[in-house]
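Pasting input-v5.txt here (compact mmCIF, N, CA and C atoms):
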```txt
# COMPACT_ATOMS: atom_id res chain seq x y z
N MET A 1 96.66 123.74 109.89
CA MET A 1 97.43 123.78 108.67
C MET A 1 97.38 122.40 108.02
N THR A 2 97.22 122.38 106.74
CA THR A 2 97.19 121.13 105.98
C THR A 2 98.36 121.11 105.01
N ILE A 3 99.08 120.00 105.00
CA ILE A 3 100.17 119.81 104.04
C ILE A 3 99.77 118.66 103.13
N LYS A 4 99.75 118.92 101.83
CA LYS A 4 99.37 117.89 100.86
C LYS A 4 100.62 117.39 100.17
N LEU A 5 100.82 116.06 100.22
CA LEU A 5 101.97 115.41 99.61
C LEU A 5 101.48 114.26 98.75
N ARG A 6 102.28 113.88 97.78
CA ARG A 6 101.92 112.74 96.93
C ARG A 6 103.20 111.98 96.57
N PHE A 7 103.16 110.66 96.77
CA PHE A 7 104.23 109.80 96.29
C PHE A 7 103.90 109.44 94.86
N THR A 8 104.84 109.63 93.97
CA THR A 8 104.55 109.41 92.56
C THR A 8 105.79 108.99 91.81
N ASP A 9 105.57 108.35 90.68
CA ASP A 9 106.68 108.02 89.80
C ASP A 9 106.72 108.99 88.62
N VAL A 10 106.04 110.11 88.76
CA VAL A 10 105.99 111.13 87.72
C VAL A 10 106.99 112.23 88.05
N GLU A 11 107.84 112.59 87.11
CA GLU A 11 108.80 113.67 87.29
C GLU A 11 108.04 114.99 87.41
N PRO A 12 108.09 115.67 88.57
CA PRO A 12 107.23 116.83 88.78
C PRO A 12 107.50 118.01 87.86
N LEU A 13 108.70 118.19 87.39
CA LEU A 13 108.99 119.35 86.55
C LEU A 13 109.14 119.00 85.08
N GLY A 14 108.90 117.76 84.71
CA GLY A 14 109.02 117.36 83.31
C GLY A 14 107.96 118.03 82.46
N GLY A 15 108.35 118.65 81.36
CA GLY A 15 107.42 119.31 80.46
C GLY A 15 106.67 120.43 81.15
N MET A 16 107.37 121.27 81.90
CA MET A 16 106.75 122.30 82.73
C MET A 16 105.84 123.23 81.94
N ASP A 17 104.60 123.28 82.34
CA ASP A 17 103.61 124.22 81.80
C ASP A 17 102.77 124.65 82.99
N ALA A 18 102.98 125.86 83.45
CA ALA A 18 102.35 126.34 84.69
C ALA A 18 100.83 126.33 84.64
N ASP A 19 100.23 126.37 83.47
CA ASP A 19 98.77 126.40 83.34
C ASP A 19 98.15 125.03 83.21
N SER A 20 98.95 123.99 83.18
CA SER A 20 98.43 122.65 82.94
C SER A 20 98.33 121.86 84.24
N SER A 21 97.24 121.10 84.38
CA SER A 21 97.12 120.20 85.53
C SER A 21 97.73 118.85 85.20
N MET A 22 98.29 118.72 84.01
CA MET A 22 98.84 117.46 83.54
C MET A 22 100.37 117.49 83.48
N ILE A 23 101.01 118.31 84.31
CA ILE A 23 102.46 118.41 84.30
C ILE A 23 103.08 117.09 84.73
N GLY A 24 104.17 116.72 84.11
CA GLY A 24 104.92 115.56 84.55
C GLY A 24 105.08 114.52 83.47
N ILE A 25 106.16 113.79 83.57
CA ILE A 25 106.42 112.68 82.67
C ILE A 25 106.64 111.44 83.51
N ILE A 26 106.32 110.29 82.97
CA ILE A 26 106.52 109.04 83.69
C ILE A 26 108.00 108.67 83.61
N THR A 27 108.59 108.39 84.76
CA THR A 27 110.01 108.06 84.79
C THR A 27 110.28 106.62 85.18
N SER A 28 109.27 105.91 85.65
CA SER A 28 109.51 104.53 86.08
C SER A 28 109.29 103.56 84.92
N PRO A 29 109.95 102.41 84.95
CA PRO A 29 109.76 101.43 83.88
C PRO A 29 108.35 100.86 83.88
N ALA A 30 107.89 100.41 82.75
CA ALA A 30 106.61 99.72 82.57
C ALA A 30 105.41 100.64 82.68
N HIS A 31 105.63 101.93 82.62
CA HIS A 31 104.52 102.88 82.62
C HIS A 31 104.55 103.68 81.33
N ALA A 32 103.48 103.61 80.57
CA ALA A 32 103.41 104.35 79.33
C ALA A 32 102.85 105.75 79.54
N GLU A 33 101.89 105.86 80.43
CA GLU A 33 101.27 107.16 80.69
C GLU A 33 100.54 107.12 82.02
N ARG A 34 100.23 108.28 82.53
CA ARG A 34 99.51 108.38 83.81
C ARG A 34 98.10 107.86 83.61
N GLY A 35 97.59 107.15 84.58
CA GLY A 35 96.25 106.58 84.51
C GLY A 35 95.16 107.63 84.45
N VAL A 36 94.04 107.26 83.91
CA VAL A 36 92.90 108.15 83.82
C VAL A 36 92.42 108.50 85.22
N GLY A 37 92.15 109.76 85.46
CA GLY A 37 91.67 110.20 86.76
C GLY A 37 92.74 110.53 87.76
N VAL A 38 94.00 110.29 87.41
CA VAL A 38 95.10 110.63 88.30
C VAL A 38 95.50 112.08 88.01
N PRO A 39 95.43 112.95 89.03
CA PRO A 39 95.73 114.36 88.78
C PRO A 39 97.19 114.59 88.44
N GLY A 40 97.44 115.69 87.75
CA GLY A 40 98.82 116.07 87.43
C GLY A 40 99.62 116.35 88.68
N THR A 41 100.93 116.37 88.56
CA THR A 41 101.79 116.52 89.73
C THR A 41 101.67 117.88 90.40
N ASN A 42 101.15 118.87 89.70
CA ASN A 42 100.99 120.17 90.33
C ASN A 42 99.54 120.43 90.75
N ASP A 43 98.68 119.45 90.66
CA ASP A 43 97.27 119.61 91.01
C ASP A 43 97.05 119.20 92.46
N PHE A 44 97.14 120.16 93.35
CA PHE A 44 96.86 119.90 94.76
C PHE A 44 95.56 120.59 95.16
N GLY A 45 94.70 120.83 94.19
CA GLY A 45 93.39 121.43 94.42
C GLY A 45 92.31 120.37 94.31
N ALA A 46 91.37 120.59 93.39
CA ALA A 46 90.21 119.71 93.24
C ALA A 46 90.61 118.29 92.83
N GLY A 47 91.59 118.15 91.95
CA GLY A 47 92.03 116.81 91.53
C GLY A 47 92.58 116.00 92.68
N PHE A 48 93.42 116.62 93.48
CA PHE A 48 94.01 115.95 94.65
C PHE A 48 92.93 115.58 95.65
N ASP A 49 92.06 116.55 95.96
CA ASP A 49 91.00 116.30 96.94
C ASP A 49 90.04 115.22 96.47
N GLY A 50 89.72 115.20 95.17
CA GLY A 50 88.83 114.18 94.63
C GLY A 50 89.44 112.79 94.73
N LEU A 51 90.72 112.67 94.39
CA LEU A 51 91.40 111.38 94.47
C LEU A 51 91.51 110.91 95.92
N PHE A 52 91.81 111.83 96.83
CA PHE A 52 91.90 111.49 98.25
C PHE A 52 90.55 111.02 98.78
N ALA A 53 89.47 111.72 98.39
CA ALA A 53 88.12 111.33 98.81
C ALA A 53 87.75 109.95 98.27
N ALA A 54 88.18 109.65 97.05
CA ALA A 54 87.92 108.33 96.47
C ALA A 54 88.64 107.22 97.25
N ARG A 55 89.87 107.48 97.68
CA ARG A 55 90.61 106.49 98.46
C ARG A 55 89.98 106.29 99.84
N ILE A 56 89.47 107.37 100.45
CA ILE A 56 88.78 107.25 101.74
C ILE A 56 87.52 106.40 101.56
N LYS A 57 86.78 106.64 100.48
CA LYS A 57 85.57 105.87 100.19
C LYS A 57 85.91 104.39 100.00
N ASP A 58 87.00 104.11 99.27
CA ASP A 58 87.44 102.72 99.08
C ASP A 58 87.73 102.05 100.42
N ALA A 59 88.45 102.76 101.29
CA ALA A 59 88.79 102.20 102.61
C ALA A 59 87.53 101.97 103.44
N ASP A 60 86.60 102.93 103.42
CA ASP A 60 85.36 102.77 104.18
C ASP A 60 84.56 101.57 103.70
N GLU A 61 84.50 101.38 102.38
CA GLU A 61 83.78 100.23 101.82
C GLU A 61 84.46 98.91 102.20
N PHE A 62 85.78 98.89 102.17
CA PHE A 62 86.54 97.69 102.54
C PHE A 62 86.23 97.28 103.98
N TYR A 63 86.36 98.24 104.90
CA TYR A 63 86.15 97.92 106.31
C TYR A 63 84.68 97.62 106.61
N ALA A 64 83.75 98.31 105.93
CA ALA A 64 82.32 98.05 106.16
C ALA A 64 81.95 96.63 105.76
N SER A 65 82.64 96.08 104.77
CA SER A 65 82.33 94.72 104.33
C SER A 65 82.90 93.66 105.28
N ARG A 66 83.76 94.06 106.20
CA ARG A 66 84.40 93.09 107.08
C ARG A 66 84.04 93.26 108.56
N ILE A 67 83.53 94.42 108.93
CA ILE A 67 83.22 94.69 110.33
C ILE A 67 81.71 94.61 110.52
N PRO A 68 81.25 93.78 111.45
CA PRO A 68 79.80 93.62 111.68
C PRO A 68 79.12 94.92 112.11
N ASP A 69 77.93 95.18 111.58
CA ASP A 69 77.18 96.39 111.90
C ASP A 69 76.67 96.41 113.33
N GLU A 70 76.49 95.24 113.94
CA GLU A 70 75.92 95.21 115.28
C GLU A 70 76.90 95.63 116.37
N LEU A 71 78.16 95.82 116.03
CA LEU A 71 79.14 96.29 117.02
C LEU A 71 78.90 97.76 117.32
N SER A 72 79.32 98.18 118.50
CA SER A 72 79.23 99.60 118.86
C SER A 72 80.22 100.39 118.01
N ALA A 73 80.03 101.69 117.97
CA ALA A 73 80.93 102.54 117.19
C ALA A 73 82.37 102.40 117.68
N ASP A 74 82.55 102.30 119.00
CA ASP A 74 83.88 102.15 119.57
C ASP A 74 84.50 100.81 119.17
N ALA A 75 83.71 99.75 119.22
CA ALA A 75 84.21 98.43 118.84
C ALA A 75 84.56 98.38 117.35
N ARG A 76 83.74 99.02 116.51
CA ARG A 76 84.04 99.07 115.07
C ARG A 76 85.35 99.82 114.83
N ASN A 77 85.56 100.89 115.59
CA ASN A 77 86.79 101.67 115.44
C ASN A 77 88.01 100.84 115.85
N VAL A 78 87.89 100.10 116.94
CA VAL A 78 89.00 99.23 117.40
C VAL A 78 89.29 98.15 116.35
N MET A 79 88.23 97.57 115.80
CA MET A 79 88.42 96.51 114.80
C MET A 79 89.06 97.07 113.54
N ARG A 80 88.65 98.27 113.14
CA ARG A 80 89.24 98.90 111.95
C ARG A 80 90.73 99.17 112.18
N GLN A 81 91.06 99.66 113.36
CA GLN A 81 92.47 99.90 113.68
C GLN A 81 93.26 98.60 113.70
N SER A 82 92.64 97.53 114.17
CA SER A 82 93.31 96.22 114.19
C SER A 82 93.59 95.73 112.78
N TYR A 83 92.58 95.84 111.91
CA TYR A 83 92.79 95.47 110.50
C TYR A 83 93.91 96.31 109.88
N ALA A 84 93.89 97.59 110.14
CA ALA A 84 94.91 98.48 109.57
C ALA A 84 96.29 98.08 110.06
N GLY A 85 96.40 97.74 111.34
CA GLY A 85 97.68 97.30 111.89
C GLY A 85 98.17 96.02 111.25
N MET A 86 97.24 95.08 111.03
CA MET A 86 97.64 93.82 110.38
C MET A 86 98.08 94.06 108.93
N LEU A 87 97.36 94.93 108.22
CA LEU A 87 97.74 95.24 106.84
C LEU A 87 99.10 95.92 106.80
N TRP A 88 99.32 96.85 107.71
CA TRP A 88 100.61 97.56 107.75
C TRP A 88 101.74 96.57 108.03
N SER A 89 101.53 95.68 109.01
CA SER A 89 102.56 94.69 109.36
C SER A 89 102.86 93.77 108.18
N LYS A 90 101.81 93.38 107.46
CA LYS A 90 102.01 92.51 106.31
C LYS A 90 102.79 93.22 105.22
N GLN A 91 102.49 94.50 104.99
CA GLN A 91 103.21 95.27 103.97
C GLN A 91 104.64 95.50 104.39
N PHE A 92 104.87 95.74 105.69
CA PHE A 92 106.21 96.01 106.18
C PHE A 92 107.07 94.77 106.05
```

Go through the file and emit its structure as structure tokens.
Amino acid sequence: MTIKLRFTDVEPLGGMDADSSMIGIITSPAHAERGVGVPGTNDFGAGFDGLFAARIKDADEFYASRIPDELSADARNVMRQSYAGMLWSKQF
């Protein structure tokens, strides 16, 4: 089973139109409109999957630029987890 969730500053029921993938209004300060390529709040299909795939690609590129290719797959995985832990600790 897959559960798709999204943290957003867009009001999910604002301007409700069941046929639109662009449902929602911006409720946070300093935001004029939703960014280009960001799916509507009710789009948990292709828009959601595309955005999620783009974030995975970004993460893969980030770690590939920092982890040496000559390491074994297991060592690369450990190093990636270490970087992730350091980033999480810094954000926390």

Kindly compute an axis-aligned box around the listed atoms of region 50-63 of chain A, allowing 6 Å on each side, and express its centre and edge lengths in Å to one decimal as lines of an AutoDock Vina configuration file.
```
center_x = 87.8
center_y = 106.2
center_z = 100.5
size_x = 20.1
size_y = 29.9
size_z = 24.2
```

Just the residues within 12 Å of region 54-71 of chain A, please, counting only C-alpha atoms, with nothing from its chain fewer than 6 positions along; format it as a ChimeraX atom specification. /A:37-38,47-48,77-84,87

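Separating CA of Lys4 (chain A) from atom N of Gly45 (chain A) is a distance of 8.7 Å.
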
Separation of atom C of Ala73 (chain A) from atom N of Gly85 (chain A), in Å and rounded to one decimal: 16.1 Å

Do you have the CA of Gly50 (chain A)-CA of Met1 (chain A) distance handy?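 So the answer is 19.1 Å.
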